[in-house]
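Input: a single structure, listed below in structure tokens.
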Amino acid sequence: MNVKENLSRIEQEIQAACSRSGRDRSDIHIIAVTKYVTVNRALEAVDAGICHIGENRLQGALEKWEACRGQAFLHFVGSLQTRKVKDIVDKYDYFHSLDRLGLAREFQKRSPENHIVPCMVQVNVSGEDSKAGVAPQDLEGFIEDLKNYPAVQVAGLMTMAPFEEDPEQTRPVFRKLRELRDDIQKQQYSHAPCNHLSMGMSNDFAVAVEEGATFVRIGTDLVGTRHG
Ligand SMILES: *Cc1c(COP(=O)(O)O)cnc(C)c1O
């Protein structure tokens, strides 16, 4: 399938989820996760009207930056080794996997002067050992500590739900992330406006939209896993 056809199907599902939940379609942004596909496929997504591209590894991130910069917002969605921050800090527009202070310290150190990096704090809502992220009970303290790194702005929260055959089963995870986001917003931290919820992938984005996602990260269903 070409990206345009995939996108129109996904678009319909998002609009249906918006009407079920009374949400405004314009509050939801689709990130095409291009980690399995070529630069050409990423450019096809841009041509289809996608304006957010997501990558989770350094090499792919640099390739897609070369090809797509200036044409789309670039999102780094994977876990990032601290020493690699310097390679993308001035290239990527959003970081979705802030899960430790060491990373914030490195952003602070490597950011060009007055540069602010919008980050999502990754939360391990499901508590699976295999998943990265701050534990929900540690989130507020973690976000308080981030005020010491003015280069880092907490733009929102991110989570990955466990894979479920029935996506409905992921709902409690997404709902919990929204509740955590609402709690942080109430604190009115100037370094943590925390407006965004980055949640929902190919399997479960419709449920995530119903629960308040502002960024859905879609790879397989949108650009596929190995297109030329
Ligand atoms: C790969 C990946 C996605 C996209 O997953 P699909 O199931 O292919 O849609 C989303 N978020 C992150 C962090 C990923 O690594």
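Note on naming: chains are A, B, ... as they come in the structure tokens, residues start from 1 per chain, ligands start from 1 in the order shown.
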
Self-check item: Nearby polymer residues, ligand 1, at most 7 Å, only C-alpha atoms and all ligand atoms, as JSON, numbers by chain
Solution: {"A": [33, 35, 56, 77, 78, 160, 201, 202, 203, 217, 218, 219, 220, 221]}

Please write the residues from the selection above to a file, keeping N, CA and C atoms, as a short mmCIF file (atom, residue, chain, number, x, y, z; two decimals), in the first residue's frame.
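Wrote selection.cif, looks like this:
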```
data_model
loop_
_atom_site.label_atom_id
_atom_site.label_comp_id
_atom_site.auth_asym_id
_atom_site.auth_seq_id
_atom_site.Cartn_x
_atom_site.Cartn_y
_atom_site.Cartn_z
N VAL A 33 6.52 6.93 12.00
CA VAL A 33 7.76 6.35 12.52
C VAL A 33 8.41 5.56 11.38
N LYS A 35 11.44 4.11 11.18
CA LYS A 35 12.66 3.37 11.58
C LYS A 35 12.91 2.12 10.75
N ASN A 56 14.12 6.13 15.90
CA ASN A 56 14.52 5.70 17.24
C ASN A 56 15.98 5.26 17.35
N VAL A 77 12.25 9.18 18.99
CA VAL A 77 11.28 8.49 19.84
C VAL A 77 11.88 7.31 20.60
N GLY A 78 13.16 7.04 20.43
CA GLY A 78 13.73 5.86 21.08
C GLY A 78 14.54 6.22 22.30
N MET A 160 4.62 3.73 26.24
CA MET A 160 4.37 2.63 25.32
C MET A 160 3.52 1.61 26.06
N MET A 201 0.28 3.53 19.03
CA MET A 201 1.07 3.06 17.90
C MET A 201 0.10 2.35 16.94
N SER A 202 0.64 1.63 15.95
CA SER A 202 -0.24 1.04 14.94
C SER A 202 -1.41 0.27 15.54
N ASN A 203 -1.10 -0.50 16.56
CA ASN A 203 -2.10 -1.42 17.10
C ASN A 203 -3.18 -0.74 17.96
N ARG A 217 2.20 7.75 17.35
CA ARG A 217 3.45 7.38 16.68
C ARG A 217 3.19 6.11 15.87
N ILE A 218 3.04 6.26 14.56
CA ILE A 218 2.59 5.12 13.75
C ILE A 218 3.65 4.74 12.71
N GLY A 219 4.10 3.51 12.81
CA GLY A 219 5.09 2.99 11.86
C GLY A 219 4.46 2.01 10.90
N THR A 220 4.28 0.77 11.36
CA THR A 220 3.83 -0.34 10.53
C THR A 220 2.61 -0.01 9.65
N ASP A 221 1.57 0.51 10.24
CA ASP A 221 0.33 0.73 9.49
C ASP A 221 0.40 1.90 8.53
#
```

Quiz prompt | Near-A:Thr38 list (12 Å; only C-alpha atoms; drop same-chain fewer than 5 positions) as a PyMOL selection string | solution = chain A and resi 33+43-45+55+59-61+63-64+67-68+223-228

Quiz item: stretch 93-107 of chain A: which residues within 10 Å, counting only C-alpha atoms, same-chain residues fewer than 4 positions away excluded, as a ChimeraX atom specification?
Solution: /A:52,54,56,72-86,88-89,111-112,115-124,132-135,139,142-143,145-159,197-198

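The residue that comes closest to A:Asp183, out of A:Gln137, A:Thr214, A:Thr170, A:Gln71 and on the basis of only C-alpha atoms, is A:Gln137.
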
Write out, as a tab-separated table, each residue of stretch 42-111 of chain A that has an atom at most 9 Å from stretch 9-30 of chain A, together with the closest pair of atoms and their distance in Å to one decimal, counting only C-alpha atoms, rows going by chain and rising number.
```
residue	atom	partner	partner_atom	distance
A:Ile50	CA	A:Ile30	CA	7.2
A:Cys51	CA	A:Ile30	CA	7.9
A:His52	CA	A:Ile30	CA	6.5
A:Ile53	CA	A:Ile30	CA	8.6
```

With N, CA and C atoms retained, write the just-selected residues as a short mmCIF file (atom, residue, chain, number, x, y, z; two decimals), in the first residue's frame.
```cif
data_model
loop_
_atom_site.label_atom_id
_atom_site.label_comp_id
_atom_site.auth_asym_id
_atom_site.auth_seq_id
_atom_site.Cartn_x
_atom_site.Cartn_y
_atom_site.Cartn_z
N ILE A 50 2.31 14.21 5.58
CA ILE A 50 2.80 14.01 6.95
C ILE A 50 3.81 15.10 7.29
N CYS A 51 3.67 15.73 8.45
CA CYS A 51 4.67 16.74 8.79
C CYS A 51 5.42 16.43 10.08
N HIS A 52 5.32 15.17 10.53
CA HIS A 52 6.12 14.73 11.69
C HIS A 52 6.73 13.38 11.37
N ILE A 53 8.04 13.30 11.49
CA ILE A 53 8.77 12.06 11.21
C ILE A 53 9.45 11.61 12.50
#
```

Self-check item: All alpha helix (DSSP H) positions in stretch 17-88 of chain A, as a list in words
Solution: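 Checking each residue of stretch 17-88 of chain A, the alpha helix (DSSP H) ones are Ala17, Cys18, Ser19, Arg20, Ser21, Val39, Asn40, Arg41, Ala42, Leu43, Glu44, Ala45, Val46, Asp47, Leu58, Gln59, Gly60, Ala61, Leu62, Glu63, Lys64, Trp65, Glu66, Ala67, Cys68, Val85, Lys86, Asp87 and Ile88 of chain A.
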
Practice problem: Figure out the distance between atom CA of A:Asn195 and atom CA of A:Leu222, please, to one decimal in Å. | Solution: 25.0 Å

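Atom CA of A:Pro193 is found 19.0 Å from atom CA of A:Phe174.
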
Quiz item: Could you pull out all residues of stretch 39-228 of chain A with a DSSP call of strand (DSSP E) and give them as JSON, numbers by chain?
Solution: {"A": [52, 53, 54, 55, 73, 74, 75, 76, 94, 95, 96, 97, 98, 117, 118, 119, 120, 121, 122, 152, 153, 154, 155, 156, 157, 158, 196, 197, 198, 215, 216, 217, 218]}

Store the residues picked out above in a file with C-alpha atoms, as a compact mmCIF listing (two decimals), in the first residue's frame.
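For reference, again_3.txt as written:
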```
# COMPACT_ATOMS: atom_id res chain seq x y z
CA HIS A 52 6.12 14.73 11.69
CA ILE A 53 8.77 12.06 11.21
CA GLY A 54 9.95 9.79 14.04
CA GLU A 55 13.14 7.75 14.39
CA PHE A 73 9.30 18.21 12.36
CA LEU A 74 11.71 15.53 13.51
CA HIS A 75 10.99 13.43 16.60
CA PHE A 76 13.49 11.18 18.31
CA TYR A 94 11.31 16.76 19.97
CA PHE A 95 12.68 14.02 22.21
CA HIS A 96 10.13 11.50 23.42
CA SER A 97 12.15 9.38 25.81
CA LEU A 98 13.48 11.51 28.62
CA VAL A 117 14.70 21.13 23.75
CA PRO A 118 11.04 20.12 23.99
CA CYS A 119 10.98 16.70 25.64
CA MET A 120 8.39 14.15 26.64
CA VAL A 121 9.11 12.37 29.88
CA GLN A 122 8.71 8.66 29.26
CA VAL A 152 15.02 21.00 28.79
CA GLN A 153 11.35 21.84 28.52
CA VAL A 154 8.83 19.21 29.58
CA ALA A 155 6.44 19.43 26.65
CA GLY A 156 4.51 16.34 27.70
CA LEU A 157 4.52 12.69 28.70
CA MET A 158 5.08 9.59 26.61
CA HIS A 196 1.29 16.77 25.14
CA LEU A 197 0.52 13.08 25.43
CA SER A 198 2.63 10.94 23.10
CA PHE A 215 0.91 12.70 19.24
CA VAL A 216 0.32 9.20 17.87
CA ARG A 217 3.45 7.38 16.68
CA ILE A 218 2.59 5.12 13.75
```

Near A:Val125, within 8 Å and counting only C-alpha atoms, which residues show up once chain neighbours fewer than 5 positions away are dropped, as a PDB file with N, CA, C and O atoms, in the first residue's frame?
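Final output, saved to result07.pdb:
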```pdb
ATOM      1  N   ALA A 135       8.963   5.540  36.814  1.00  0.00           N
ATOM      2  CA  ALA A 135       7.784   4.946  37.466  1.00  0.00           C
ATOM      3  C   ALA A 135       6.797   6.060  37.817  1.00  0.00           C
ATOM      4  O   ALA A 135       7.212   7.165  38.188  1.00  0.00           O
ATOM      5  N   PRO A 136       5.500   5.778  37.697  1.00  0.00           N
ATOM      6  CA  PRO A 136       4.509   6.826  37.969  1.00  0.00           C
ATOM      7  C   PRO A 136       4.711   7.518  39.324  1.00  0.00           C
ATOM      8  O   PRO A 136       4.587   8.742  39.423  1.00  0.00           O
ATOM      9  N   THR A 159       4.285   7.313  26.691  1.00  0.00           N
ATOM     10  CA  THR A 159       4.350   5.935  27.178  1.00  0.00           C
ATOM     11  C   THR A 159       4.187   4.960  26.012  1.00  0.00           C
ATOM     12  O   THR A 159       3.737   5.332  24.921  1.00  0.00           O
ATOM     13  N   ALA A 161       2.381   1.291  25.504  1.00  0.00           N
ATOM     14  CA  ALA A 161       1.523   0.283  26.135  1.00  0.00           C
ATOM     15  C   ALA A 161       2.027  -1.097  25.747  1.00  0.00           C
ATOM     16  O   ALA A 161       2.634  -1.262  24.690  1.00  0.00           O
ATOM     17  N   VAL A 173      -3.818   2.043  30.558  1.00  0.00           N
ATOM     18  CA  VAL A 173      -2.462   2.614  30.494  1.00  0.00           C
ATOM     19  C   VAL A 173      -2.536   4.052  29.982  1.00  0.00           C
ATOM     20  O   VAL A 173      -1.930   4.973  30.552  1.00  0.00           O
ATOM     21  N   LYS A 176      -4.254   6.395  32.485  1.00  0.00           N
ATOM     22  CA  LYS A 176      -3.357   6.725  33.602  1.00  0.00           C
ATOM     23  C   LYS A 176      -2.358   7.810  33.181  1.00  0.00           C
ATOM     24  O   LYS A 176      -2.073   8.732  33.948  1.00  0.00           O
ATOM     25  N   LEU A 177      -1.829   7.710  31.965  1.00  0.00           N
ATOM     26  CA  LEU A 177      -0.863   8.726  31.526  1.00  0.00           C
ATOM     27  C   LEU A 177      -1.535  10.102  31.467  1.00  0.00           C
ATOM     28  O   LEU A 177      -0.945  11.108  31.841  1.00  0.00           O
TER      29      LEU A 177
END
```
